[in-house]
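> File follows, my_file.csv with CSV, C-alpha atoms:
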chain,number,residue,atom,x,y,z
Q,1,MET,CA,127.7,102.9,106.2
Q,2,LYS,CA,124.4,102.3,104.4
Q,3,THR,CA,124.0,104.1,101.2
Q,4,ARG,CA,120.9,106.0,102.4
Q,5,TYR,CA,122.9,107.4,105.4
Q,6,LEU,CA,125.4,108.8,102.9
Q,7,VAL,CA,122.5,110.3,101.0
Q,8,TYR,CA,121.2,111.9,104.1
Q,9,VAL,CA,124.6,113.5,104.9
Q,10,ILE,CA,125.0,114.8,101.3
Q,11,ILE,CA,121.5,116.4,101.2
Q,12,SER,CA,122.1,118.0,104.6
Q,13,LEU,CA,125.4,119.3,103.4
Q,14,LEU,CA,123.7,120.8,100.3
Q,15,PHE,CA,121.2,122.6,102.5
Q,16,GLY,CA,123.9,123.9,104.8
Q,17,GLY,CA,126.2,124.9,101.9
Q,18,SER,CA,123.4,126.6,100.0
Q,19,PHE,CA,122.5,128.6,103.1
Q,20,PHE,CA,126.1,129.7,103.4
Q,21,ILE,CA,126.2,130.7,99.7
Q,22,LEU,CA,123.1,132.8,100.3
Q,23,THR,CA,124.0,134.5,103.5
Q,24,GLY,CA,127.7,134.0,104.2
Q,25,ASP,CA,126.7,133.3,107.9
Q,26,ILE,CA,128.7,130.3,109.2
Q,27,ILE,CA,126.7,129.9,112.4
Q,28,PHE,CA,123.3,129.7,110.8
Q,29,SER,CA,124.8,127.5,108.0
Q,30,VAL,CA,126.0,125.0,110.6
Q,31,ALA,CA,122.7,125.2,112.4
Q,32,THR,CA,120.9,124.4,109.1
Q,33,LEU,CA,123.2,121.4,108.5
Q,34,LEU,CA,122.5,120.0,111.9
Q,35,ILE,CA,118.8,120.4,111.9
Q,36,PHE,CA,118.5,118.6,108.6
Q,37,LEU,CA,120.8,115.8,109.8
Q,38,LEU,CA,118.6,115.5,112.9
Q,39,PHE,CA,115.5,115.4,110.7
Q,40,PHE,CA,116.8,112.7,108.4
Q,41,PHE,CA,118.3,110.4,111.1
Q,42,LEU,CA,115.7,110.9,113.9
Q,43,ILE,CA,112.4,111.4,112.0
Q,44,TYR,CA,112.6,110.5,108.3
Q,45,ASP,CA,114.7,107.3,108.6
Q,46,LYS,CA,112.5,105.9,111.4
Q,47,LYS,CA,109.3,106.7,109.6
Q,48,ARG,CA,110.6,105.3,106.3
Q,49,ASN,CA,111.8,102.1,107.9
Q,50,TYR,CA,108.4,101.6,109.7
Q,51,TYR,CA,106.6,102.2,106.5
Q,52,LYS,CA,108.7,99.8,104.5
Q,53,ARG,CA,108.5,97.1,107.1
Q,54,ASN,CA,104.7,97.3,107.5
Q,55,LEU,CA,104.2,97.5,103.7
Q,56,SER,CA,106.4,94.6,103.0
Q,57,ARG,CA,104.8,92.4,105.7
Q,58,SER,CA,101.3,93.4,104.5
Q,59,TYR,CA,102.1,92.1,101.0
Q,60,GLU,CA,103.7,89.0,102.6
Q,61,ALA,CA,100.5,88.4,104.7
Q,62,ILE,CA,98.3,88.7,101.6
Q,63,ASN,CA,100.4,86.3,99.6
Q,64,TYR,CA,100.7,83.9,102.5
Q,65,ILE,CA,96.9,83.9,103.1
Q,66,ASN,CA,96.1,83.3,99.4
Q,67,ASN,CA,98.7,80.6,99.0
Q,68,PHE,CA,97.6,78.8,102.2
Q,69,ILE,CA,93.9,78.8,101.2
Q,70,ILE,CA,94.6,77.6,97.7
Q,71,SER,CA,96.9,74.8,99.0
Q,72,LEU,CA,94.2,73.8,101.5
Q,73,SER,CA,91.6,73.7,98.8
Q,74,VAL,CA,93.8,71.3,96.8
Q,75,ASN,CA,94.7,69.1,99.8
Q,76,PRO,CA,92.6,69.3,103.0
Q,77,SER,CA,95.7,69.1,105.2
Q,78,LEU,CA,96.9,71.9,107.4
Q,79,THR,CA,100.5,70.6,107.3
Q,80,TYR,CA,100.5,70.5,103.5
Q,81,ALA,CA,99.0,74.0,103.2
Q,82,PHE,CA,101.4,75.3,105.8
Q,83,GLU,CA,104.5,73.9,104.1
Q,84,ASN,CA,103.4,75.1,100.7
Q,85,ALA,CA,102.7,78.6,102.0
Q,86,LYS,CA,106.1,78.6,103.8
Q,87,ASN,CA,108.0,77.5,100.7
Q,88,SER,CA,106.6,80.3,98.6
Q,89,ALA,CA,107.3,82.9,101.4
Q,90,GLN,CA,110.2,85.3,101.4
Q,91,LYS,CA,113.4,84.7,103.5
Q,92,GLY,CA,112.4,86.7,106.5
Q,93,LEU,CA,109.0,84.9,106.9
Q,94,ARG,CA,110.6,81.5,106.4
Q,95,GLN,CA,113.1,82.2,109.1
Q,96,GLN,CA,110.3,83.3,111.4
Q,97,ILE,CA,108.5,80.1,110.7
Q,98,GLU,CA,111.6,77.9,111.3
Q,99,SER,CA,112.1,79.5,114.7
Q,100,ILE,CA,108.7,78.2,115.8
Q,101,ASN,CA,108.6,74.9,114.0
Q,102,HIS,CA,108.5,73.1,117.4
Q,103,LEU,CA,104.9,74.3,117.9
Q,104,PRO,CA,101.8,72.5,116.6
Q,105,ILE,CA,100.6,73.8,113.2
Q,106,GLU,CA,97.6,75.6,114.6
Q,107,GLU,CA,99.8,77.5,117.1
Q,108,GLN,CA,102.4,78.4,114.4
Q,109,ILE,CA,99.6,79.9,112.3
Q,110,ALA,CA,98.3,81.9,115.2
Q,111,TYR,CA,101.8,82.9,116.3
Q,112,LEU,CA,102.5,84.5,112.9
Q,113,TYR,CA,100.1,87.3,113.7
Q,114,ARG,CA,102.9,88.8,115.8
Q,115,TYR,CA,105.0,88.9,112.7
Q,116,PHE,CA,102.4,90.3,110.3
Q,117,GLU,CA,100.6,92.6,112.8
Q,118,LEU,CA,97.7,92.9,110.3
Q,119,PRO,CA,94.0,92.7,111.3
Q,120,LEU,CA,93.3,90.8,108.0
Q,121,TYR,CA,95.6,88.0,109.2
Q,122,GLY,CA,93.5,87.9,112.5
Q,123,VAL,CA,90.5,87.2,110.3
Q,124,PHE,CA,92.4,84.4,108.6
Q,125,ILE,CA,93.2,82.8,111.9
Q,126,ASN,CA,89.6,82.7,112.9
Q,127,ILE,CA,88.6,81.2,109.5
Q,128,ILE,CA,91.2,78.4,110.0
Q,129,LYS,CA,89.8,77.8,113.4
Q,130,GLN,CA,86.3,77.6,112.0
Q,131,TYR,CA,87.6,75.2,109.3
Q,132,ILE,CA,89.3,72.9,111.9
Q,133,PHE,CA,86.2,72.6,114.0
Q,134,ASN,CA,83.4,72.7,111.4
Q,135,GLY,CA,85.1,71.6,108.2
Q,136,GLY,CA,83.5,72.6,104.9
Q,137,ASP,CA,84.8,74.1,101.7
Q,138,ILE,CA,87.7,76.4,102.6
Q,139,LEU,CA,87.1,78.4,99.4
Q,140,ASP,CA,83.5,79.0,100.3
Q,141,ILE,CA,84.3,79.9,103.9
Q,142,SER,CA,87.1,82.3,103.0
Q,143,GLN,CA,85.6,84.0,99.9
Q,144,VAL,CA,85.0,87.3,101.7
Q,145,LEU,CA,88.6,87.2,103.1
Q,146,ILE,CA,90.1,86.5,99.7
Q,147,ARG,CA,88.1,89.4,98.2
Q,148,ASP,CA,89.2,91.7,101.1
Q,149,SER,CA,92.8,90.7,100.8
Q,150,ARG,CA,92.8,91.6,97.1
Q,151,ALA,CA,91.0,94.9,97.9
Q,152,LEU,CA,93.7,95.7,100.5
Q,153,GLU,CA,96.5,94.9,98.0
Q,154,ASP,CA,94.8,97.3,95.5
Q,155,ARG,CA,94.6,100.0,98.2
Q,156,LEU,CA,98.2,99.6,99.1
Q,157,MET,CA,99.4,99.9,95.5
Q,158,GLU,CA,97.1,102.9,95.0
Q,159,PHE,CA,98.6,104.5,98.1
Q,160,GLU,CA,102.2,103.9,97.0
Q,161,LYS,CA,101.4,105.5,93.6
Q,162,MET,CA,99.7,108.4,95.2
Q,163,SER,CA,102.5,108.9,97.7
Q,164,ARG,CA,105.2,109.1,95.0
Q,165,ARG,CA,103.1,111.5,93.0
Q,166,LYS,CA,102.4,113.8,95.9
Q,167,PHE,CA,106.0,113.8,97.1
Q,168,SER,CA,107.2,114.6,93.6
Q,169,GLU,CA,104.8,117.6,93.4
Q,170,PHE,CA,106.0,118.7,96.8
Q,171,ILE,CA,109.7,118.6,95.9
Q,172,THR,CA,109.1,120.3,92.6
Q,173,SER,CA,107.2,123.2,94.1
Q,174,TRP,CA,109.8,123.8,96.8
Q,175,ALA,CA,112.7,123.4,94.3
Q,176,LEU,CA,111.2,126.3,92.3
Q,177,SER,CA,111.0,128.4,95.5
Q,178,PHE,CA,114.6,127.8,96.2
Q,179,LEU,CA,115.5,128.5,92.6
Q,180,ILE,CA,113.7,131.9,92.8
Q,181,LEU,CA,115.5,132.7,96.0
Q,182,PHE,CA,118.9,132.1,94.3
Q,183,ILE,CA,117.9,134.1,91.2
Q,184,LEU,CA,116.9,137.1,93.4
Q,185,GLN,CA,120.2,136.8,95.3
Q,186,PHE,CA,122.6,136.6,92.4
Q,187,SER,CA,120.9,137.7,89.1
Q,188,ILE,CA,119.5,141.0,90.1
Q,189,SER,CA,122.2,143.2,91.5
Q,190,SER,CA,120.0,146.0,92.7
Q,191,ILE,CA,117.8,143.6,94.7
Q,192,TYR,CA,120.9,141.9,95.9
Q,193,GLN,CA,122.3,145.1,97.3
Q,194,ALA,CA,119.0,145.9,99.0
Q,195,ILE,CA,118.5,142.5,100.6
Q,196,ASP,CA,122.1,142.2,101.6
Q,197,SER,CA,121.8,145.2,103.8
Q,198,VAL,CA,118.6,144.0,105.5
Q,199,LYS,CA,119.0,143.6,109.2
Q,200,ASN,CA,118.9,140.0,110.3
Q,201,TYR,CA,118.8,138.8,106.7
Q,202,ALA,CA,120.4,135.5,107.6
Q,203,LEU,CA,117.8,135.0,110.2
Q,204,LEU,CA,115.0,135.6,107.7
Q,205,ILE,CA,116.6,133.0,105.3
Q,206,PHE,CA,116.9,130.6,108.2
Q,207,VAL,CA,113.2,131.0,108.9
Q,208,PHE,CA,112.5,130.2,105.3
Q,209,TYR,CA,114.6,127.0,105.6
Q,210,LEU,CA,112.7,126.1,108.8
Q,211,ILE,CA,109.3,126.5,107.0
Q,212,PHE,CA,110.5,124.2,104.3
Q,213,LEU,CA,111.7,121.7,107.0
Q,214,VAL,CA,108.4,121.8,108.8
Q,215,SER,CA,106.5,121.2,105.6
Q,216,LEU,CA,108.9,118.3,104.8
Q,217,ILE,CA,108.1,116.7,108.2
Q,218,PHE,CA,104.4,117.0,107.6
Q,219,MET,CA,104.8,115.5,104.1
Q,220,THR,CA,106.9,112.7,105.4
Q,221,TYR,CA,104.2,111.7,107.9
Q,222,ARG,CA,101.5,111.9,105.1
Q,223,ILE,CA,103.3,109.8,102.5
Q,224,TYR,CA,104.3,107.2,105.0
Q,225,ASP,CA,100.9,107.0,106.8
Q,226,ILE,CA,99.5,103.6,106.2
Q,227,SER,CA,97.5,103.4,109.4
Q,228,PHE,CA,94.4,102.6,107.4
Q,229,MET,CA,95.6,99.1,107.0
Q,230,THR,CA,96.5,98.4,110.6
Q,231,LYS,CA,93.4,99.8,112.3
Q,232,GLY,CA,90.9,97.4,113.6
Q,233,ASP,CA,90.6,94.5,116.0
Q,234,SER,CA,93.4,92.0,116.0
Q,235,CYS,CA,91.2,89.0,115.8
Q,236,PRO,CA,87.6,90.0,115.0
Q,237,ASP,CA,84.9,87.3,115.1
Q,238,VAL,CA,84.4,85.4,111.9
Q,239,LYS,CA,80.6,85.7,111.9
Q,240,GLU,CA,80.9,89.5,112.3
Q,241,THR,CA,83.6,89.8,109.7
Q,242,LYS,CA,81.4,89.0,106.7
Q,243,THR,CA,79.1,91.9,107.4
Q,244,LYS,CA,81.7,94.4,108.6
Q,245,ASN,CA,84.3,93.8,105.8
Q,246,VAL,CA,81.8,94.7,103.1
Q,247,LYS,CA,81.3,98.1,104.7
Q,248,ALA,CA,85.0,98.5,105.5
Q,249,LYS,CA,86.0,98.1,101.8
Q,250,THR,CA,84.3,101.3,100.7
Q,251,LYS,CA,85.3,103.2,103.8
Q,252,SER,CA,89.0,102.1,103.4
Q,253,LYS,CA,89.0,103.3,99.8
Q,254,LYS,CA,87.7,106.7,100.9
Q,255,ARG,CA,90.2,106.8,103.7
Q,256,THR,CA,93.1,106.3,101.4
Q,257,LEU,CA,92.0,109.1,99.1
Q,258,LYS,CA,91.3,111.4,102.0
Q,259,ILE,CA,94.8,111.1,103.5
Q,260,PHE,CA,96.2,113.6,100.9
Q,261,ASN,CA,93.1,115.8,101.0
Q,262,ARG,CA,93.1,116.8,104.7
As structure tokens, how would this structure be written, given the file I've shared?

Amino acid sequence: MKTRYLVYVIISLLFGGSFFILTGDIIFSVATLLIFLLFFFLIYDKKRNYYKRNLSRSYEAINYINNFIISLSVNPSLTYAFENAKNSAQKGLRQQIESINHLPIEEQIAYLYRYFELPLYGVFINIIKQYIFNGGDILDISQVLIRDSRALEDRLMEFEKMSRRKFSEFITSWALSFLILFILQFSISSIYQAIDSVKNYALLIFVFYLIFLVSLIFMTYRIYDISFMTKGDSCPDVKETKTKNVKAKTKSKKRTLKIFNR
């Protein structure tokens, strides 16, 4: 069993156990345990894995593009640049390349779009095609792409930092809410006697847990939402790219900041 699966189970048990401590209701406690298990295994884990995969491959794509272009500027050979970029790639990407090494270099470069699934890599493919047919200085041809790849890397790092900060704030605020709930339950005896006699008290606490869970679901989708980096045409025209990307840079920065200000 993976460590994170064990963490999901422990956290779910904590919520189920805390509910039982608060209410003494075994049925709602089990229901609380189950809904949190469902959340972690059916929603959170899938969203987290998708985020980690896309984030990792986006960084891989950026490094691969930069290494390829630099190698090609040193030695105007696609084979040399391709091998250099492959050797500096991570294990997963190298395995992907090795599985298609029977294809011509140009087709291997194009095929890797299926691995990266990043519009920026589609621009890179078009630039390589332009270089093959027209020649020229690869650094001059791809200067806009290099600038945009660095800008995307900055936006991704900014988003990661912002996501961690927002999630920490979210957990802290809700932890205080749960702490207050426990204080009211156990520290003030008069209030305890009053709330313990409230009809459907367990149901009210269950609704509180549900509100927290719904908020957690929304927060999960927000902190793992990196759709701003995957939107766009898969292989936009190179001539249009130089004008569109300049506008896209400022829009993407605003989009990243607006994700948490909806």
> Give one line per residue of segment 2-117 of chain Q that approaches segment 154-167 of chain Q to at most 12 Å, naming the two atoms of the closest pair and their distance in Å to one decimal, counting only C-alpha atoms; sort by chain then ascending residue number and deliver it as a tab-separated table.

residue	atom	partner	partner_atom	distance
Q:Tyr51	CA	Q:Glu160	CA	10.6
Q:Lys52	CA	Q:Glu160	CA	10.7
Q:Asn54	CA	Q:Leu156	CA	10.9
Q:Leu55	CA	Q:Leu156	CA	7.8
Q:Ser56	CA	Q:Leu156	CA	10.4
Q:Arg57	CA	Q:Leu156	CA	11.8
Q:Ser58	CA	Q:Leu156	CA	8.8
Q:Tyr59	CA	Q:Leu156	CA	8.7
Q:Ile62	CA	Q:Asp154	CA	11.1
> For the residues in the current selection, export C-alpha atoms as an mmCIF file, keeping the file's coordinate frame.

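File written: result-v3.cif
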data_model
loop_
_atom_site.group_PDB
_atom_site.id
_atom_site.type_symbol
_atom_site.label_atom_id
_atom_site.label_comp_id
_atom_site.auth_asym_id
_atom_site.auth_seq_id
_atom_site.Cartn_x
_atom_site.Cartn_y
_atom_site.Cartn_z
ATOM 1 C CA TYR Q 51 106.600 102.200 106.500
ATOM 2 C CA LYS Q 52 108.700 99.800 104.500
ATOM 3 C CA ASN Q 54 104.700 97.300 107.500
ATOM 4 C CA LEU Q 55 104.200 97.500 103.700
ATOM 5 C CA SER Q 56 106.400 94.600 103.000
ATOM 6 C CA ARG Q 57 104.800 92.400 105.700
ATOM 7 C CA SER Q 58 101.300 93.400 104.500
ATOM 8 C CA TYR Q 59 102.100 92.100 101.000
ATOM 9 C CA ILE Q 62 98.300 88.700 101.600
#
> In file coordinates, which residues lie within 12 Å of (121.8, 127.6, 111.0) using all atoms listed in the file, given as a PyMOL selection string?
chain Q and resi 12-13+15-20+22-37+202-210
> One decimal, in Å: what's the spacing between atom CA of Ile65 of chain Q and atom CA of Ile105 of chain Q?
14.8 Å
> Would you mind reading off the distance between atom CA of Thr220 of chain Q and atom CA of Ser149 of chain Q, one decimal, in Å?
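Between these atoms lies a distance of 26.5 Å.
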> Residues at most 10 Å from segment 73-85 of chain Q, counting all atoms listed in the file, excluding those fewer than 4 positions away in the same chain, as an MDAnalysis selection string?
chainID Q and resid 63:69 89 94 97 104:106 108:109 128 131:132 135:140
> From the list Q:Val9, Q:Ala110, Q:Leu216, Q:Leu120, which residue is nearest Ala151 of chain Q when using all atoms listed in the file?
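Smallest separation from Ala151 of chain Q among the options: Q:Leu120.
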> Could you state the separation of atom CA of Asn200 of chain Q and atom CA of Gln185 of chain Q in Å, given to one decimal place?
15.4 Å
